[in-house]
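Have a look at the structure below, then the notes.
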Amino acid sequence: MRIEKIGSATLYLADALDVLPTLEAGSFAGILTDPPYSSGGAFRGDRSAPTSAKYQSSQHRGIYPEFAGDTRDQRSYFAWSTLWLSRARALTAPGGIVCTFSDWRQLPTTTDAVQAAGWVWRGVVPWDKTERGRPQLGRYRAQAEYVVWGTNGARPLSGPTAPGVFRMPIPQQKHHIAGKPVDLMEGLLGPMGGGPILDPFMGSGTVGVACVARGQDYVGIEMTEAYFEIACQRMQEASAQLMIDSVRGL
Ligand SMILES: C[S@@+](CC[C@H](N)C(=O)[O-])C[C@H]1O[C@@H](n2cnc3c(N)ncnc32)[C@H](O)[C@@H]1O
């Protein structure tokens, strides 16, 4: 395990299941994370293919490092998701929010796992990726991913509000095969308040960069070393930019 402290963020190079039991119970305002969906293949042979083969067209392969943990079938994805979601819930303050990404294939499994782990399932927030994705002949365009959200028990009806749908394209400049927009993460953080945020599957650190922009403490965990390095670099750049902006009074 390697631990890097960057500003008010702590980044772990490790398996999330090993780190979660070591963190302080009830200390996070919310969980915002994008786990490996394990959905890019119907059969065992397809599922064990490299992530670039599952999630990228042939002309884009080789641009990004492969990532870990994407080979589970649906039953084991449910078991694993329930495990990390219950460990994460123990770390979340009463009433705190969980937001976890899913594609359409894993949506029923993800809503089941959220509830099996003891969260109160509250809804699904679609991320509309706009019409930039490829149309499919004779079919509907695969244009959305989903954020399943819930709370750790009751949550008072007070505090900031947020949209129930986010419409924004996949970033032109991605840092990960499955990279998400920073603005999307900032929007999702809105109702969580200003407390510390946990991201057990940080990839290239997109949630962390959003937390830096909002002045929020962040703990991120990533087990693929190449992505851990990218996340550290992005967090350092975001923290340095924040300092420059505050000196300039922006
Ligand atoms: C879908 S990606 C996250 C991408 C991220 N949202 C971004 O914008 O860069 C999921 C990440 O979780 C990591 N991962 C998979 N299993 C893990 C585990 N058990 N513990 C920690 N990280 C894990 C993968 O290496 C991958 O980088």
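Letters A, B, ... mark the chains of the structure tokens in the order given; residue numbers begin at 1 per chain; ligand numbers begin at 1, in order shown.
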With ligand 1 as the partner and 7 Å as the cut-off, tabulate the residues of chain A that qualify, each row holding the nearest pair of atoms and their distance in Å to one decimal, using only C-alpha atoms and all ligand atoms, sorted by chain and rising number, as a Markdown table.
| residue | atom | partner | partner_atom_place_in_ligand_line | distance |
| --- | --- | --- | --- | --- |
| A:Ala14 | CA | ligand 1 | 21 (C) | 5.9 |
| A:Asp15 | CA | ligand 1 | 20 (N) | 3.6 |
| A:Ala16 | CA | ligand 1 | 20 (N) | 3.8 |
| A:Leu17 | CA | ligand 1 | 19 (N) | 6.1 |
| A:Thr33 | CA | ligand 1 | 6 (N) | 6.7 |
| A:Asp34 | CA | ligand 1 | 6 (N) | 4.9 |
| A:Pro35 | CA | ligand 1 | 10 (C) | 4.5 |
| A:Pro36 | CA | ligand 1 | 10 (C) | 4.5 |
| A:Tyr37 | CA | ligand 1 | 1 (C) | 6.9 |
| A:Phe67 | CA | ligand 1 | 25 (O) | 4.1 |
| A:Ala68 | CA | ligand 1 | 25 (O) | 4.0 |
| A:Gly69 | CA | ligand 1 | 16 (N) | 4.1 |
| A:Asp70 | CA | ligand 1 | 15 (C) | 6.8 |
| A:His175 | CA | ligand 1 | 9 (O) | 6.2 |
| A:His176 | CA | ligand 1 | 9 (O) | 4.9 |
| A:Ala178 | CA | ligand 1 | 1 (C) | 5.1 |
| A:Gly179 | CA | ligand 1 | 8 (O) | 3.4 |
| A:Lys180 | CA | ligand 1 | 8 (O) | 4.1 |
| A:Pro181 | CA | ligand 1 | 8 (O) | 6.9 |
| A:Pro200 | CA | ligand 1 | 21 (C) | 5.8 |
| A:Phe201 | CA | ligand 1 | 12 (O) | 3.9 |
| A:Met202 | CA | ligand 1 | 5 (C) | 5.3 |
| A:Gly203 | CA | ligand 1 | 27 (O) | 3.5 |
| A:Ser204 | CA | ligand 1 | 9 (O) | 3.6 |
| A:Gly205 | CA | ligand 1 | 9 (O) | 5.4 |
| A:Thr206 | CA | ligand 1 | 8 (O) | 4.6 |
| A:Val207 | CA | ligand 1 | 6 (N) | 7.0 |
| A:Ile221 | CA | ligand 1 | 21 (C) | 5.3 |
| A:Glu222 | CA | ligand 1 | 22 (N) | 3.7 |
| A:Met223 | CA | ligand 1 | 22 (N) | 4.2 |
| A:Thr224 | CA | ligand 1 | 25 (O) | 4.4 |
| A:Tyr227 | CA | ligand 1 | 27 (O) | 6.0 |
Nearby residues (only C-alpha atoms) at most 7 Å from Ala162 (chain A), same-chain spacing under 3 positions excluded, as an MDAnalysis selection string = chainID A and resid 187 190:191
Could you turn the residues from that selection into a file that holds N, CA, C and O atoms, as a compact mmCIF listing (two decimals), in the first residue's frame?
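Done, and the output landed in selection_1.txt:
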# COMPACT_ATOMS: atom_id res chain seq x y z
N GLY A 187 -21.31 18.68 -9.79
CA GLY A 187 -22.77 18.74 -9.66
C GLY A 187 -23.30 17.70 -8.69
O GLY A 187 -24.17 17.97 -7.86
N GLY A 190 -22.98 18.44 -4.99
CA GLY A 190 -23.78 19.57 -4.48
C GLY A 190 -24.55 19.29 -3.20
O GLY A 190 -24.34 19.95 -2.19
N PRO A 191 -25.45 18.27 -3.18
CA PRO A 191 -26.27 18.07 -1.98
C PRO A 191 -25.52 17.42 -0.82
O PRO A 191 -26.08 17.29 0.27
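Relative to CA of Cys232 (chain A), CA of Leu11 (chain A) is found at 7.5 Å.
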Tell me, which residues of region 4-181 of chain A carry DSSP strand (DSSP E), written as an NGL selection string?
-> :A and (4-6 or 9-13 or 28-33 or 92-102 or 120-128 or 144-151 or 166-167)
Within 12 Å of region 238-245 of chain A: each region 6-125 of chain A residue with its shortest pair, only C-alpha atoms, as CSV:
residue,atom,partner,partner_atom,distance
A:Ile6,CA,A:Ser239,CA,7.7
A:Gly7,CA,A:Ser239,CA,6.5
A:Ser8,CA,A:Ser239,CA,9.1
A:Ala9,CA,A:Ser239,CA,9.6
Preceding selection exported with C-alpha atoms as a PDB file, in the first residue's frame:
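The resulting again29.pdb:
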ATOM      1  CA  ILE A   6      -1.834  16.219  -1.515  1.00  0.00           C
ATOM      2  CA  GLY A   7      -3.360  19.362   0.027  1.00  0.00           C
ATOM      3  CA  SER A   8      -6.344  18.144   2.040  1.00  0.00           C
ATOM      4  CA  ALA A   9      -6.637  14.932   0.022  1.00  0.00           C
TER       5      ALA A   9
END
Of A:Val19, A:Leu85, A:Ile177, A:Ile97, the one nearest to Tyr55 (chain A) when counting only C-alpha atoms is A:Ile177
Write out as a PDB file with N, CA and C atoms, in the first residue's frame each polymer residue whose atoms come within 12 Å of region 194-197 of chain A, counting only C-alpha atoms; drop sequence neighbours fewer than 3 positions from it.
ATOM      1  N   SER A   8      -5.503  18.791   1.024  1.00  0.00           N
ATOM      2  CA  SER A   8      -6.344  18.144   2.040  1.00  0.00           C
ATOM      3  C   SER A   8      -6.888  16.805   1.535  1.00  0.00           C
ATOM      4  N   ALA A   9      -6.222  16.242   0.542  1.00  0.00           N
ATOM      5  CA  ALA A   9      -6.637  14.932   0.022  1.00  0.00           C
ATOM      6  C   ALA A   9      -5.650  13.848   0.449  1.00  0.00           C
ATOM      7  N   THR A  10      -6.170  12.618   0.639  1.00  0.00           N
ATOM      8  CA  THR A  10      -5.315  11.454   0.911  1.00  0.00           C
ATOM      9  C   THR A  10      -5.617  10.403  -0.142  1.00  0.00           C
ATOM     10  N   LEU A  11      -4.578   9.962  -0.853  1.00  0.00           N
ATOM     11  CA  LEU A  11      -4.759   8.988  -1.935  1.00  0.00           C
ATOM     12  C   LEU A  11      -4.035   7.688  -1.578  1.00  0.00           C
ATOM     13  N   GLU A  24     -11.906   5.944   9.545  1.00  0.00           N
ATOM     14  CA  GLU A  24     -12.699   6.231  10.758  1.00  0.00           C
ATOM     15  C   GLU A  24     -14.203   6.121  10.506  1.00  0.00           C
ATOM     16  N   GLY A  26     -18.038   6.664  10.396  1.00  0.00           N
ATOM     17  CA  GLY A  26     -18.913   7.844  10.432  1.00  0.00           C
ATOM     18  C   GLY A  26     -18.244   9.151  10.042  1.00  0.00           C
ATOM     19  N   SER A  27     -17.054   9.102   9.434  1.00  0.00           N
ATOM     20  CA  SER A  27     -16.293  10.349   9.240  1.00  0.00           C
ATOM     21  C   SER A  27     -16.529  11.017   7.877  1.00  0.00           C
ATOM     22  N   PHE A  28     -17.296  10.391   6.975  1.00  0.00           N
ATOM     23  CA  PHE A  28     -17.486  10.977   5.635  1.00  0.00           C
ATOM     24  C   PHE A  28     -18.911  11.519   5.465  1.00  0.00           C
ATOM     25  N   ALA A  29     -18.991  12.683   4.785  1.00  0.00           N
ATOM     26  CA  ALA A  29     -20.312  13.263   4.479  1.00  0.00           C
ATOM     27  C   ALA A  29     -20.969  12.501   3.349  1.00  0.00           C
ATOM     28  N   GLY A  30     -20.144  11.914   2.470  1.00  0.00           N
ATOM     29  CA  GLY A  30     -20.722  11.212   1.337  1.00  0.00           C
ATOM     30  C   GLY A  30     -19.706  10.360   0.604  1.00  0.00           C
ATOM     31  N   ILE A  31     -20.250   9.427  -0.194  1.00  0.00           N
ATOM     32  CA  ILE A  31     -19.447   8.548  -1.048  1.00  0.00           C
ATOM     33  C   ILE A  31     -19.840   8.880  -2.483  1.00  0.00           C
ATOM     34  N   LEU A  32     -18.872   9.237  -3.306  1.00  0.00           N
ATOM     35  CA  LEU A  32     -19.140   9.441  -4.739  1.00  0.00           C
ATOM     36  C   LEU A  32     -18.101   8.624  -5.482  1.00  0.00           C
ATOM     37  N   THR A  33     -18.543   7.610  -6.241  1.00  0.00           N
ATOM     38  CA  THR A  33     -17.563   6.719  -6.841  1.00  0.00           C
ATOM     39  C   THR A  33     -18.091   6.054  -8.117  1.00  0.00           C
ATOM     40  N   ALA A  88     -18.422   0.893   3.121  1.00  0.00           N
ATOM     41  CA  ALA A  88     -18.475   2.348   2.915  1.00  0.00           C
ATOM     42  C   ALA A  88     -19.560   2.988   3.782  1.00  0.00           C
ATOM     43  N   LEU A  91     -18.596   3.957   7.198  1.00  0.00           N
ATOM     44  CA  LEU A  91     -17.706   5.129   7.277  1.00  0.00           C
ATOM     45  C   LEU A  91     -18.461   6.443   7.097  1.00  0.00           C
ATOM     46  N   THR A  92     -19.760   6.354   6.772  1.00  0.00           N
ATOM     47  CA  THR A  92     -20.542   7.544   6.411  1.00  0.00           C
ATOM     48  C   THR A  92     -21.373   8.012   7.594  1.00  0.00           C
ATOM     49  N   ALA A  93     -21.448   9.337   7.743  1.00  0.00           N
ATOM     50  CA  ALA A  93     -22.248   9.916   8.832  1.00  0.00           C
ATOM     51  C   ALA A  93     -23.728   9.549   8.653  1.00  0.00           C
ATOM     52  N   GLY A  96     -25.856  10.578   5.569  1.00  0.00           N
ATOM     53  CA  GLY A  96     -24.927  10.855   4.467  1.00  0.00           C
ATOM     54  C   GLY A  96     -25.357  10.154   3.182  1.00  0.00           C
ATOM     55  N   ILE A  97     -24.832  10.671   2.064  1.00  0.00           N
ATOM     56  CA  ILE A  97     -25.285  10.219   0.731  1.00  0.00           C
ATOM     57  C   ILE A  97     -24.258   9.283   0.093  1.00  0.00           C
ATOM     58  N   VAL A  98     -24.749   8.240  -0.606  1.00  0.00           N
ATOM     59  CA  VAL A  98     -23.902   7.449  -1.511  1.00  0.00           C
ATOM     60  C   VAL A  98     -24.377   7.702  -2.940  1.00  0.00           C
ATOM     61  N   CYS A  99     -23.416   7.913  -3.853  1.00  0.00           N
ATOM     62  CA  CYS A  99     -23.690   7.986  -5.291  1.00  0.00           C
ATOM     63  C   CYS A  99     -22.721   7.030  -5.966  1.00  0.00           C
ATOM     64  N   GLY A 159     -31.153  21.785   3.009  1.00  0.00           N
ATOM     65  CA  GLY A 159     -29.837  21.860   2.378  1.00  0.00           C
ATOM     66  C   GLY A 159     -29.942  22.179   0.898  1.00  0.00           C
ATOM     67  N   PRO A 160     -28.763  22.209   0.215  1.00  0.00           N
ATOM     68  CA  PRO A 160     -28.748  22.586  -1.195  1.00  0.00           C
ATOM     69  C   PRO A 160     -29.437  21.555  -2.093  1.00  0.00           C
ATOM     70  N   MET A 185     -19.076  15.564 -11.665  1.00  0.00           N
ATOM     71  CA  MET A 185     -18.785  15.206 -10.269  1.00  0.00           C
ATOM     72  C   MET A 185     -19.089  16.389  -9.346  1.00  0.00           C
ATOM     73  N   GLU A 186     -18.737  17.606  -9.794  1.00  0.00           N
ATOM     74  CA  GLU A 186     -19.045  18.793  -8.963  1.00  0.00           C
ATOM     75  C   GLU A 186     -20.542  18.900  -8.737  1.00  0.00           C
ATOM     76  N   LEU A 188     -22.752  16.481  -8.777  1.00  0.00           N
ATOM     77  CA  LEU A 188     -23.225  15.399  -7.904  1.00  0.00           C
ATOM     78  C   LEU A 188     -22.843  15.643  -6.444  1.00  0.00           C
ATOM     79  N   LEU A 189     -21.738  16.364  -6.225  1.00  0.00           N
ATOM     80  CA  LEU A 189     -21.318  16.648  -4.845  1.00  0.00           C
ATOM     81  C   LEU A 189     -22.232  17.676  -4.178  1.00  0.00           C
ATOM     82  N   GLY A 190     -22.980  18.445  -4.987  1.00  0.00           N
ATOM     83  CA  GLY A 190     -23.783  19.571  -4.482  1.00  0.00           C
ATOM     84  C   GLY A 190     -24.552  19.286  -3.200  1.00  0.00           C
ATOM     85  N   PRO A 191     -25.450  18.271  -3.180  1.00  0.00           N
ATOM     86  CA  PRO A 191     -26.267  18.071  -1.979  1.00  0.00           C
ATOM     87  C   PRO A 191     -25.524  17.419  -0.817  1.00  0.00           C
ATOM     88  N   PRO A 200     -13.854   5.175  -3.318  1.00  0.00           N
ATOM     89  CA  PRO A 200     -13.040   3.943  -3.245  1.00  0.00           C
ATOM     90  C   PRO A 200     -12.459   3.480  -4.581  1.00  0.00           C
ATOM     91  N   MET A 202     -11.049   5.497  -7.511  1.00  0.00           N
ATOM     92  CA  MET A 202     -10.873   6.875  -7.999  1.00  0.00           C
ATOM     93  C   MET A 202     -10.386   6.967  -9.431  1.00  0.00           C
ATOM     94  N   VAL A 207     -13.171  12.722  -9.231  1.00  0.00           N
ATOM     95  CA  VAL A 207     -13.918  13.194  -8.049  1.00  0.00           C
ATOM     96  C   VAL A 207     -12.999  14.050  -7.174  1.00  0.00           C
ATOM     97  N   GLY A 208     -11.737  13.637  -7.061  1.00  0.00           N
ATOM     98  CA  GLY A 208     -10.772  14.402  -6.251  1.00  0.00           C
ATOM     99  C   GLY A 208     -10.576  15.810  -6.787  1.00  0.00           C
ATOM    100  N   VAL A 209     -10.469  15.934  -8.107  1.00  0.00           N
ATOM    101  CA  VAL A 209     -10.285  17.259  -8.719  1.00  0.00           C
ATOM    102  C   VAL A 209     -11.523  18.128  -8.427  1.00  0.00           C
ATOM    103  N   ALA A 210     -12.717  17.508  -8.493  1.00  0.00           N
ATOM    104  CA  ALA A 210     -13.947  18.252  -8.172  1.00  0.00           C
ATOM    105  C   ALA A 210     -13.941  18.696  -6.707  1.00  0.00           C
ATOM    106  N   CYS A 211     -13.435  17.842  -5.815  1.00  0.00           N
ATOM    107  CA  CYS A 211     -13.369  18.204  -4.389  1.00  0.00           C
ATOM    108  C   CYS A 211     -12.395  19.365  -4.171  1.00  0.00           C
ATOM    109  N   VAL A 212     -11.273  19.362  -4.873  1.00  0.00           N
ATOM    110  CA  VAL A 212     -10.318  20.479  -4.748  1.00  0.00           C
ATOM    111  C   VAL A 212     -11.023  21.772  -5.158  1.00  0.00           C
ATOM    112  N   ALA A 213     -11.748  21.742  -6.273  1.00  0.00           N
ATOM    113  CA  ALA A 213     -12.436  22.942  -6.764  1.00  0.00           C
ATOM    114  C   ALA A 213     -13.444  23.444  -5.735  1.00  0.00           C
ATOM    115  N   ARG A 214     -14.059  22.530  -4.973  1.00  0.00           N
ATOM    116  CA  ARG A 214     -15.074  22.918  -3.992  1.00  0.00           C
ATOM    117  C   ARG A 214     -14.485  23.140  -2.602  1.00  0.00           C
ATOM    118  N   GLY A 215     -13.166  22.929  -2.445  1.00  0.00           N
ATOM    119  CA  GLY A 215     -12.532  23.115  -1.134  1.00  0.00           C
ATOM    120  C   GLY A 215     -12.933  22.046  -0.139  1.00  0.00           C
ATOM    121  N   GLN A 216     -13.101  20.813  -0.617  1.00  0.00           N
ATOM    122  CA  GLN A 216     -13.628  19.736   0.216  1.00  0.00           C
ATOM    123  C   GLN A 216     -12.553  18.669   0.448  1.00  0.00           C
ATOM    124  N   ASP A 217     -12.478  18.124   1.655  1.00  0.00           N
ATOM    125  CA  ASP A 217     -11.524  17.041   1.928  1.00  0.00           C
ATOM    126  C   ASP A 217     -11.920  15.803   1.129  1.00  0.00           C
ATOM    127  N   TYR A 218     -10.892  15.007   0.745  1.00  0.00           N
ATOM    128  CA  TYR A 218     -11.143  13.886  -0.163  1.00  0.00           C
ATOM    129  C   TYR A 218     -10.234  12.722   0.196  1.00  0.00           C
ATOM    130  N   VAL A 219     -10.792  11.513   0.180  1.00  0.00           N
ATOM    131  CA  VAL A 219      -9.981  10.294   0.270  1.00  0.00           C
ATOM    132  C   VAL A 219     -10.290   9.452  -0.969  1.00  0.00           C
ATOM    133  N   GLY A 220      -9.252   9.130  -1.737  1.00  0.00           N
ATOM    134  CA  GLY A 220      -9.421   8.325  -2.948  1.00  0.00           C
ATOM    135  C   GLY A 220      -8.571   7.066  -2.869  1.00  0.00           C
ATOM    136  N   ILE A 221      -9.115   5.963  -3.416  1.00  0.00           N
ATOM    137  CA  ILE A 221      -8.388   4.678  -3.413  1.00  0.00           C
ATOM    138  C   ILE A 221      -8.366   4.145  -4.852  1.00  0.00           C
TER     139      ILE A 221
END
May I have the residues within 9 Å of Val124 (chain A) as a PyMOL selection string, using only C-alpha atoms and disregarding those fewer than 4 positions away in the same chain?
-> chain A and resi 111+146-150+164-165
Selection export as a PDB file, in the first residue's frame, atoms kept: all heavy atoms:
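The file below, part_35.pdb, is the result:
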ATOM      1  N   THR A 111     -28.822  -1.385  -7.816  1.00  0.00           N
ATOM      2  CA  THR A 111     -29.852  -0.928  -6.865  1.00  0.00           C
ATOM      3  C   THR A 111     -30.098  -2.005  -5.802  1.00  0.00           C
ATOM      4  O   THR A 111     -30.361  -1.685  -4.645  1.00  0.00           O
ATOM      5  CB  THR A 111     -31.165  -0.539  -7.583  1.00  0.00           C
ATOM      6  OG1 THR A 111     -31.655  -1.662  -8.312  1.00  0.00           O
ATOM      7  CG2 THR A 111     -30.948   0.619  -8.541  1.00  0.00           C
ATOM      8  N   TYR A 146     -25.743   5.966 -15.420  1.00  0.00           N
ATOM      9  CA  TYR A 146     -26.664   6.228 -14.319  1.00  0.00           C
ATOM     10  C   TYR A 146     -25.910   6.331 -13.000  1.00  0.00           C
ATOM     11  O   TYR A 146     -24.917   5.640 -12.800  1.00  0.00           O
ATOM     12  CB  TYR A 146     -27.709   5.110 -14.231  1.00  0.00           C
ATOM     13  CG  TYR A 146     -28.412   4.946 -15.555  1.00  0.00           C
ATOM     14  CD1 TYR A 146     -27.939   4.012 -16.492  1.00  0.00           C
ATOM     15  CD2 TYR A 146     -29.467   5.766 -15.903  1.00  0.00           C
ATOM     16  CE1 TYR A 146     -28.533   3.903 -17.739  1.00  0.00           C
ATOM     17  CE2 TYR A 146     -30.059   5.664 -17.156  1.00  0.00           C
ATOM     18  CZ  TYR A 146     -29.593   4.732 -18.064  1.00  0.00           C
ATOM     19  OH  TYR A 146     -30.160   4.642 -19.298  1.00  0.00           O
ATOM     20  N   VAL A 147     -26.444   7.180 -12.113  1.00  0.00           N
ATOM     21  CA  VAL A 147     -25.881   7.282 -10.766  1.00  0.00           C
ATOM     22  C   VAL A 147     -26.969   6.826  -9.799  1.00  0.00           C
ATOM     23  O   VAL A 147     -28.018   7.472  -9.681  1.00  0.00           O
ATOM     24  CB  VAL A 147     -25.465   8.741 -10.457  1.00  0.00           C
ATOM     25  CG1 VAL A 147     -24.874   8.829  -9.055  1.00  0.00           C
ATOM     26  CG2 VAL A 147     -24.485   9.235 -11.503  1.00  0.00           C
ATOM     27  N   VAL A 148     -26.733   5.683  -9.160  1.00  0.00           N
ATOM     28  CA  VAL A 148     -27.671   5.186  -8.149  1.00  0.00           C
ATOM     29  C   VAL A 148     -27.337   5.891  -6.851  1.00  0.00           C
ATOM     30  O   VAL A 148     -26.176   5.928  -6.444  1.00  0.00           O
ATOM     31  CB  VAL A 148     -27.518   3.658  -7.980  1.00  0.00           C
ATOM     32  CG1 VAL A 148     -28.393   3.145  -6.845  1.00  0.00           C
ATOM     33  CG2 VAL A 148     -27.859   2.946  -9.290  1.00  0.00           C
ATOM     34  N   TRP A 149     -28.364   6.486  -6.203  1.00  0.00           N
ATOM     35  CA  TRP A 149     -28.046   7.200  -4.968  1.00  0.00           C
ATOM     36  C   TRP A 149     -28.945   6.759  -3.827  1.00  0.00           C
ATOM     37  O   TRP A 149     -30.057   6.268  -4.046  1.00  0.00           O
ATOM     38  CB  TRP A 149     -28.055   8.704  -5.183  1.00  0.00           C
ATOM     39  CG  TRP A 149     -29.388   9.410  -5.183  1.00  0.00           C
ATOM     40  CD1 TRP A 149     -30.264   9.500  -6.211  1.00  0.00           C
ATOM     41  CD2 TRP A 149     -29.970  10.124  -4.093  1.00  0.00           C
ATOM     42  NE1 TRP A 149     -31.358  10.229  -5.835  1.00  0.00           N
ATOM     43  CE2 TRP A 149     -31.207  10.635  -4.547  1.00  0.00           C
ATOM     44  CE3 TRP A 149     -29.571  10.400  -2.783  1.00  0.00           C
ATOM     45  CZ2 TRP A 149     -32.044  11.392  -3.730  1.00  0.00           C
ATOM     46  CZ3 TRP A 149     -30.408  11.161  -1.977  1.00  0.00           C
ATOM     47  CH2 TRP A 149     -31.628  11.649  -2.455  1.00  0.00           C
ATOM     48  N   GLY A 150     -28.415   6.890  -2.623  1.00  0.00           N
ATOM     49  CA  GLY A 150     -29.148   6.511  -1.426  1.00  0.00           C
ATOM     50  C   GLY A 150     -28.576   7.250  -0.227  1.00  0.00           C
ATOM     51  O   GLY A 150     -27.634   8.043  -0.357  1.00  0.00           O
ATOM     52  N   GLY A 164     -31.795  16.565 -11.250  1.00  0.00           N
ATOM     53  CA  GLY A 164     -32.038  15.118 -11.237  1.00  0.00           C
ATOM     54  C   GLY A 164     -31.547  14.435 -12.498  1.00  0.00           C
ATOM     55  O   GLY A 164     -31.601  13.207 -12.614  1.00  0.00           O
ATOM     56  N   VAL A 165     -31.047  15.235 -13.463  1.00  0.00           N
ATOM     57  CA  VAL A 165     -30.451  14.714 -14.698  1.00  0.00           C
ATOM     58  C   VAL A 165     -29.284  15.629 -15.046  1.00  0.00           C
ATOM     59  O   VAL A 165     -29.404  16.849 -14.914  1.00  0.00           O
ATOM     60  CB  VAL A 165     -31.455  14.757 -15.878  1.00  0.00           C
ATOM     61  CG1 VAL A 165     -30.787  14.299 -17.178  1.00  0.00           C
ATOM     62  CG2 VAL A 165     -32.682  13.911 -15.601  1.00  0.00           C
TER      63      VAL A 165
END
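Between Arg89 (chain A) and the candidates A:Ser38, A:Gln172, A:Asn152, A:Ser52, the tightest atom-to-atom separation, counting only C-alpha atoms, involves A:Asn152.
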Using DSSP on the backbone coordinates, identify the residues of region 204-248 of chain A assigned to helix (DSSP H, G or I); present them as a PyMOL selection string.
-> chain A and resi 206-214+225-248
